[in-house]
>>> print(open('upload_22.pdb').read())   # PDB, C-alpha atoms and all ligand atoms
ATOM      1  CA  MET A   1      70.517  -9.141 -99.818  1.00  0.00           C
ATOM      2  CA  SER A   2      71.591 -10.808 -96.633  1.00  0.00           C
ATOM      3  CA  GLU A   3      73.713 -13.909 -96.354  1.00  0.00           C
ATOM      4  CA  PHE A   4      70.898 -16.159 -95.174  1.00  0.00           C
ATOM      5  CA  ASP A   5      67.816 -15.025 -97.129  1.00  0.00           C
ATOM      6  CA  PHE A   6      67.493 -18.558 -98.477  1.00  0.00           C
ATOM      7  CA  LEU A   7      66.565 -19.791 -94.997  1.00  0.00           C
ATOM      8  CA  ASN A   8      63.100 -18.238 -95.258  1.00  0.00           C
ATOM      9  CA  GLY A   9      60.755 -21.195 -95.573  1.00  0.00           C
ATOM     10  CA  ILE A  10      63.566 -23.655 -94.947  1.00  0.00           C
ATOM     11  CA  ASP A  11      61.241 -26.024 -93.075  1.00  0.00           C
ATOM     12  CA  GLU A  12      59.427 -26.736 -96.371  1.00  0.00           C
ATOM     13  CA  VAL A  13      62.639 -27.732 -98.185  1.00  0.00           C
ATOM     14  CA  ALA A  14      63.301 -31.454 -98.640  1.00  0.00           C
ATOM     15  CA  PRO A  15      66.254 -32.463 -96.454  1.00  0.00           C
ATOM     16  CA  THR A  16      69.338 -33.796 -98.236  1.00  0.00           C
ATOM     17  CA  PRO A  17      69.994 -37.399 -97.148  1.00  0.00           C
ATOM     18  CA  ILE A  18      72.909 -37.670 -94.716  1.00  0.00           C
ATOM     19  CA  LEU A  19      75.489 -40.417 -95.226  1.00  0.00           C
ATOM     20  CA  ILE A  20      75.991 -42.814 -92.347  1.00  0.00           C
ATOM     21  CA  ALA A  21      79.378 -44.235 -91.300  1.00  0.00           C
ATOM     22  CA  PRO A  22      81.242 -46.308 -92.453  1.00  0.00           C
ATOM     23  CA  GLN A  23      80.427 -44.693 -95.833  1.00  0.00           C
ATOM     24  CA  PRO A  24      83.862 -44.283 -97.521  1.00  0.00           C
ATOM     25  CA  VAL A  25      83.146 -40.657 -98.627  1.00  0.00           C
ATOM     26  CA  LEU A  26      83.201 -39.705 -94.941  1.00  0.00           C
ATOM     27  CA  ARG A  27      86.865 -40.756 -94.860  1.00  0.00           C
ATOM     28  CA  GLN A  28      88.040 -38.666 -97.800  1.00  0.00           C
ATOM     29  CA  VAL A  29      89.861 -35.349 -97.549  1.00  0.00           C
ATOM     30  CA  ALA A  30      87.694 -32.664 -99.119  1.00  0.00           C
ATOM     31  CA  ARG A  31      89.203 -30.142-101.497  1.00  0.00           C
ATOM     32  CA  GLU A  32      89.178 -26.368-101.274  1.00  0.00           C
ATOM     33  CA  VAL A  33      86.086 -24.510-102.514  1.00  0.00           C
ATOM     34  CA  ARG A  34      86.936 -22.463-105.616  1.00  0.00           C
ATOM     35  CA  PRO A  35      84.913 -19.551-107.038  1.00  0.00           C
ATOM     36  CA  GLU A  36      83.451 -21.835-109.701  1.00  0.00           C
ATOM     37  CA  ASP A  37      82.071 -24.147-106.965  1.00  0.00           C
ATOM     38  CA  MET A  38      79.924 -21.405-105.418  1.00  0.00           C
ATOM     39  CA  ALA A  39      76.870 -22.034-107.620  1.00  0.00           C
ATOM     40  CA  LEU A  40      76.800 -25.709-106.638  1.00  0.00           C
ATOM     41  CA  LEU A  41      77.389 -24.820-103.005  1.00  0.00           C
ATOM     42  CA  ARG A  42      74.485 -22.336-102.980  1.00  0.00           C
ATOM     43  CA  ASP A  43      72.291 -24.956-104.623  1.00  0.00           C
ATOM     44  CA  GLN A  44      73.087 -27.478-101.903  1.00  0.00           C
ATOM     45  CA  LEU A  45      72.689 -25.207 -98.880  1.00  0.00           C
ATOM     46  CA  PRO A  46      68.877 -25.198 -98.494  1.00  0.00           C
ATOM     47  CA  GLY A  47      68.666 -29.016 -98.479  1.00  0.00           C
ATOM     48  CA  MET A  48      71.630 -29.239 -96.121  1.00  0.00           C
ATOM     49  CA  PHE A  49      70.231 -26.673 -93.669  1.00  0.00           C
ATOM     50  CA  SER A  50      66.862 -28.406 -93.817  1.00  0.00           C
ATOM     51  CA  ALA A  51      68.560 -31.745 -92.991  1.00  0.00           C
ATOM     52  CA  MET A  52      70.527 -30.231 -90.112  1.00  0.00           C
ATOM     53  CA  TYR A  53      67.528 -28.456 -88.568  1.00  0.00           C
ATOM     54  CA  LYS A  54      65.212 -31.444 -89.009  1.00  0.00           C
ATOM     55  CA  ALA A  55      67.617 -33.968 -87.464  1.00  0.00           C
ATOM     56  CA  PRO A  56      68.023 -31.842 -85.278  1.00  0.00           C
ATOM     57  CA  GLY A  57      71.747 -31.229 -85.338  1.00  0.00           C
ATOM     58  CA  ILE A  58      74.068 -28.290 -84.691  1.00  0.00           C
ATOM     59  CA  GLY A  59      76.490 -28.844 -87.562  1.00  0.00           C
ATOM     60  CA  LEU A  60      76.776 -30.507 -90.952  1.00  0.00           C
ATOM     61  CA  ALA A  61      79.838 -30.741 -93.187  1.00  0.00           C
ATOM     62  CA  ALA A  62      79.725 -31.148 -96.971  1.00  0.00           C
ATOM     63  CA  PRO A  63      81.271 -34.668 -96.961  1.00  0.00           C
ATOM     64  CA  GLN A  64      78.302 -35.850 -94.864  1.00  0.00           C
ATOM     65  CA  VAL A  65      76.071 -35.339 -97.900  1.00  0.00           C
ATOM     66  CA  GLY A  66      78.656 -36.766-100.295  1.00  0.00           C
ATOM     67  CA  LEU A  67      80.220 -33.470-101.368  1.00  0.00           C
ATOM     68  CA  GLY A  68      84.026 -33.444-101.220  1.00  0.00           C
ATOM     69  CA  LEU A  69      84.270 -29.681-100.691  1.00  0.00           C
ATOM     70  CA  ARG A  70      85.655 -27.766 -97.715  1.00  0.00           C
ATOM     71  CA  PHE A  71      82.591 -26.137 -96.226  1.00  0.00           C
ATOM     72  CA  ALA A  72      80.310 -26.745 -93.285  1.00  0.00           C
ATOM     73  CA  LEU A  73      77.197 -25.312 -91.670  1.00  0.00           C
ATOM     74  CA  VAL A  74      76.754 -24.741 -87.967  1.00  0.00           C
ATOM     75  CA  ASP A  75      74.026 -23.339 -85.757  1.00  0.00           C
ATOM     76  CA  VAL A  76      74.352 -24.033 -82.056  1.00  0.00           C
ATOM     77  CA  THR A  77      71.348 -21.949 -80.908  1.00  0.00           C
ATOM     78  CA  ASP A  78      68.658 -23.641 -78.855  1.00  0.00           C
ATOM     79  CA  GLU A  79      65.648 -24.673 -80.891  1.00  0.00           C
ATOM     80  CA  ASP A  80      63.372 -22.133 -79.207  1.00  0.00           C
ATOM     81  CA  LYS A  81      65.718 -19.199 -79.848  1.00  0.00           C
ATOM     82  CA  GLU A  82      66.215 -17.300 -83.067  1.00  0.00           C
ATOM     83  CA  ARG A  83      68.514 -19.184 -85.428  1.00  0.00           C
ATOM     84  CA  ALA A  84      72.149 -18.119 -85.773  1.00  0.00           C
ATOM     85  CA  PRO A  85      73.415 -19.969 -88.853  1.00  0.00           C
ATOM     86  CA  MET A  86      76.997 -19.853 -90.090  1.00  0.00           C
ATOM     87  CA  VAL A  87      78.452 -21.218 -93.298  1.00  0.00           C
ATOM     88  CA  LEU A  88      82.206 -21.682 -93.078  1.00  0.00           C
ATOM     89  CA  ILE A  89      83.929 -21.963 -96.441  1.00  0.00           C
ATOM     90  CA  ASN A  90      87.568 -23.138 -96.549  1.00  0.00           C
ATOM     91  CA  PRO A  91      87.862 -22.787 -92.761  1.00  0.00           C
ATOM     92  CA  GLU A  92      91.231 -22.848 -91.015  1.00  0.00           C
ATOM     93  CA  ILE A  93      92.072 -22.831 -87.337  1.00  0.00           C
ATOM     94  CA  ILE A  94      94.728 -20.195 -86.848  1.00  0.00           C
ATOM     95  CA  GLU A  95      95.000 -20.309 -83.058  1.00  0.00           C
ATOM     96  CA  GLU A  96      93.880 -22.693 -80.384  1.00  0.00           C
ATOM     97  CA  SER A  97      93.846 -22.427 -76.612  1.00  0.00           C
ATOM     98  CA  GLU A  98      96.130 -24.559 -74.496  1.00  0.00           C
ATOM     99  CA  GLN A  99      93.154 -25.025 -72.219  1.00  0.00           C
ATOM    100  CA  LEU A 100      91.291 -28.195 -73.164  1.00  0.00           C
ATOM    101  CA  ALA A 101      87.655 -29.033 -72.611  1.00  0.00           C
ATOM    102  CA  ALA A 102      85.835 -32.361 -72.631  1.00  0.00           C
ATOM    103  CA  ARG A 103      82.383 -32.318 -74.121  1.00  0.00           C
ATOM    104  CA  GLU A 104      79.961 -35.009 -75.179  1.00  0.00           C
ATOM    105  CA  GLU A 105      79.746 -35.211 -78.962  1.00  0.00           C
ATOM    106  CA  GLY A 106      77.432 -36.911 -81.383  1.00  0.00           C
ATOM    107  CA  CYS A 107      77.274 -36.856 -85.162  1.00  0.00           C
ATOM    108  CA  LEU A 108      74.475 -37.017 -87.727  1.00  0.00           C
ATOM    109  CA  SER A 109      76.594 -39.598 -89.576  1.00  0.00           C
ATOM    110  CA  LEU A 110      76.787 -41.770 -86.433  1.00  0.00           C
ATOM    111  CA  PRO A 111      73.186 -41.553 -85.230  1.00  0.00           C
ATOM    112  CA  ASN A 112      72.522 -42.232 -81.526  1.00  0.00           C
ATOM    113  CA  GLN A 113      76.221 -42.576 -80.684  1.00  0.00           C
ATOM    114  CA  TYR A 114      77.771 -40.227 -78.152  1.00  0.00           C
ATOM    115  CA  ALA A 115      81.110 -39.945 -76.391  1.00  0.00           C
ATOM    116  CA  GLU A 116      83.145 -37.378 -74.556  1.00  0.00           C
ATOM    117  CA  VAL A 117      85.875 -35.812 -76.720  1.00  0.00           C
ATOM    118  CA  VAL A 118      88.713 -33.590 -75.509  1.00  0.00           C
ATOM    119  CA  ARG A 119      89.586 -30.592 -77.705  1.00  0.00           C
ATOM    120  CA  PRO A 120      90.977 -27.059 -77.286  1.00  0.00           C
ATOM    121  CA  GLU A 121      88.447 -25.028 -75.308  1.00  0.00           C
ATOM    122  CA  SER A 122      88.589 -22.077 -77.707  1.00  0.00           C
ATOM    123  CA  VAL A 123      89.919 -21.515 -81.210  1.00  0.00           C
ATOM    124  CA  ARG A 124      90.332 -18.673 -83.655  1.00  0.00           C
ATOM    125  CA  VAL A 125      88.946 -19.672 -87.018  1.00  0.00           C
ATOM    126  CA  ARG A 126      89.380 -17.984 -90.393  1.00  0.00           C
ATOM    127  CA  TYR A 127      86.909 -18.753 -93.176  1.00  0.00           C
ATOM    128  CA  ARG A 128      85.046 -17.243 -96.070  1.00  0.00           C
ATOM    129  CA  ASN A 129      81.354 -16.536 -95.763  1.00  0.00           C
ATOM    130  CA  LEU A 130      78.726 -16.715 -98.503  1.00  0.00           C
ATOM    131  CA  LEU A 131      79.301 -13.097 -99.435  1.00  0.00           C
ATOM    132  CA  GLY A 132      82.936 -13.891-100.191  1.00  0.00           C
ATOM    133  CA  ASP A 133      84.294 -11.991 -97.183  1.00  0.00           C
ATOM    134  CA  THR A 134      87.192 -13.415 -95.214  1.00  0.00           C
ATOM    135  CA  CYS A 135      86.072 -13.605 -91.593  1.00  0.00           C
ATOM    136  CA  GLU A 136      87.932 -14.324 -88.386  1.00  0.00           C
ATOM    137  CA  ARG A 137      86.192 -15.318 -85.212  1.00  0.00           C
ATOM    138  CA  GLU A 138      87.316 -16.404 -81.789  1.00  0.00           C
ATOM    139  CA  VAL A 139      84.914 -19.063 -80.554  1.00  0.00           C
ATOM    140  CA  SER A 140      84.650 -21.058 -77.353  1.00  0.00           C
ATOM    141  CA  ASP A 141      82.451 -23.577 -75.561  1.00  0.00           C
ATOM    142  CA  LEU A 142      79.904 -25.478 -77.632  1.00  0.00           C
ATOM    143  CA  LEU A 143      80.529 -23.443 -80.788  1.00  0.00           C
ATOM    144  CA  ALA A 144      84.276 -24.188 -80.610  1.00  0.00           C
ATOM    145  CA  THR A 145      83.594 -27.900 -80.190  1.00  0.00           C
ATOM    146  CA  CYS A 146      81.107 -27.877 -83.037  1.00  0.00           C
ATOM    147  CA  ILE A 147      83.380 -26.027 -85.474  1.00  0.00           C
ATOM    148  CA  GLN A 148      86.334 -28.315 -84.687  1.00  0.00           C
ATOM    149  CA  HIS A 149      84.095 -31.364 -85.136  1.00  0.00           C
ATOM    150  CA  GLU A 150      82.822 -30.092 -88.515  1.00  0.00           C
ATOM    151  CA  MET A 151      86.327 -29.174 -89.673  1.00  0.00           C
ATOM    152  CA  ASP A 152      87.479 -32.700 -88.838  1.00  0.00           C
ATOM    153  CA  HIS A 153      84.893 -33.960 -91.349  1.00  0.00           C
ATOM    154  CA  LEU A 154      86.654 -31.963 -94.084  1.00  0.00           C
ATOM    155  CA  ASP A 155      89.745 -34.096 -93.416  1.00  0.00           C
ATOM    156  CA  GLY A 156      87.865 -37.388 -93.252  1.00  0.00           C
ATOM    157  CA  ILE A 157      88.034 -37.506 -89.456  1.00  0.00           C
ATOM    158  CA  LEU A 158      85.128 -38.587 -87.243  1.00  0.00           C
ATOM    159  CA  PHE A 159      84.750 -37.805 -83.540  1.00  0.00           C
ATOM    160  CA  VAL A 160      85.339 -41.465 -82.685  1.00  0.00           C
ATOM    161  CA  ASP A 161      88.892 -41.073 -84.030  1.00  0.00           C
ATOM    162  CA  HIS A 162      89.651 -39.005 -80.914  1.00  0.00           C
ATOM    163  CA  LEU A 163      88.776 -41.968 -78.673  1.00  0.00           C
ATOM    164  CA  SER A 164      90.735 -45.073 -77.766  1.00  0.00           C
ATOM    165  CA  ALA A 165      90.583 -47.908 -80.313  1.00  0.00           C
ATOM    166  CA  ILE A 166      88.512 -49.955 -77.885  1.00  0.00           C
ATOM    167  CA  LYS A 167      85.870 -47.265 -77.470  1.00  0.00           C
ATOM    168  CA  ARG A 168      85.877 -46.479 -81.176  1.00  0.00           C
ATOM    169  CA  ASN A 169      85.360 -50.110 -82.179  1.00  0.00           C
ATOM    170  CA  MET A 170      82.606 -50.486 -79.627  1.00  0.00           C
ATOM    171  CA  ILE A 171      80.734 -47.501 -81.039  1.00  0.00           C
ATOM    172  CA  MET A 172      81.220 -48.571 -84.668  1.00  0.00           C
ATOM    173  CA  ARG A 173      79.977 -52.081 -83.905  1.00  0.00           C
ATOM    174  CA  ARG A 174      76.965 -50.734 -82.050  1.00  0.00           C
ATOM    175  CA  LEU A 175      76.182 -48.374 -84.938  1.00  0.00           C
ATOM    176  CA  ALA A 176      76.442 -51.190 -87.502  1.00  0.00           C
ATOM    177  CA  LYS A 177      74.105 -53.348 -85.438  1.00  0.00           C
ATOM    178  CA  GLU A 178      71.556 -50.560 -85.062  1.00  0.00           C
ATOM    179  CA  GLN A 179      71.684 -49.730 -88.769  1.00  0.00           C
ATOM    180  CA  LYS A 180      71.072 -53.357 -89.689  1.00  0.00           C
ATOM    181  CA  ARG A 181      67.967 -53.409 -87.522  1.00  0.00           C
ATOM    182  CA  ARG A 182      66.458 -50.398 -89.294  1.00  0.00           C
TER     183      ARG A 182
HETATM  184 ZN    ZN B   1      79.762 -35.040 -87.433  1.00  0.00          ZN
END
>>> encode(input="upload_22.pdb", output="structure tokens")
Amino acid sequence: MSEFDFLNGIDEVAPTPILIAPQPVLRQVAREVRPEDMALLRDQLPGMFSAMYKAPGIGLAAPQVGLGLRFALVDVTDEDKERAPMVLINPEIIEESEQLAAREEGCLSLPNQYAEVVRPESVRVRYRNLLGDTCEREVSDLLATCIQHEMDHLDGILFVDHLSAIKRNMIMRRLAKEQKRR
């Protein structure tokens, strides 16, 4: 059995609805995943992957579908390339580069809103995978940005929190206006 067998036929799975800011759940600190949470987590993954791939997005954290648990999915491969999914359970950043990088970010919970965010250019992340192994990976570039963005969600932080109050308020107002029009 491989870690991602459940992704076969994922395009047929109904996507889990994604919560849109300012939904209060997005602001809560998620709790650690315990062994007894794994059944629920496995149940949720197909719908979450389906939602992320359909959006399309490159990351989705549990709080974005209303689950207050510390796990997130990422897959930063181009749509035309073979998928490279990761599920990070109880992730921790154990090292980060002094070198910073600015990259434009968006978020499935803040649709159509983008801004440049400055973060460490590379990080070393420790997490558990679906097989229960503890993994450590040094990541950089887009994957580093994505993982840091998703890990922020586990602490109730959104990418706009890294911006000035003026920029953040502008984006939140624009989002509210656009959501009202839908
Ligand atoms: Zn996000």
>>> residues_near_point(input="upload_22.pdb", point="(77.0, -51.2, -87.3)", cutoff="12 Å", atoms="all atoms listed in the file", output="count of residues only")
24
>>> closest_residue(input="upload_22.pdb", among="A:Ile166, A:Leu100, A:Val74, A:Leu69", to="Pro35 of chain A", atoms="only C-alpha atoms")
A:Leu69
>>> residues_around(input="upload_22.pdb", residues="segment 91-94 of chain A", least_positions_apart="2", cutoff="12 Å", atoms="only C-alpha atoms", output="PyMOL selection string")
chain A and resi 30-33+61+69-73+86-89+96-97+120+122-129+134-139+144+147-155
>>> atom_distance(input="upload_22.pdb", atom1="atom CA of Ala14 of chain A", atom2="atom CA of Val76 of chain A")
21.3 Å
>>> closest_residue(input="upload_22.pdb", among="A:Thr16, A:Gln99, A:Gln28, A:Thr77", to="Val65 of chain A", atoms="only C-alpha atoms")
A:Thr16
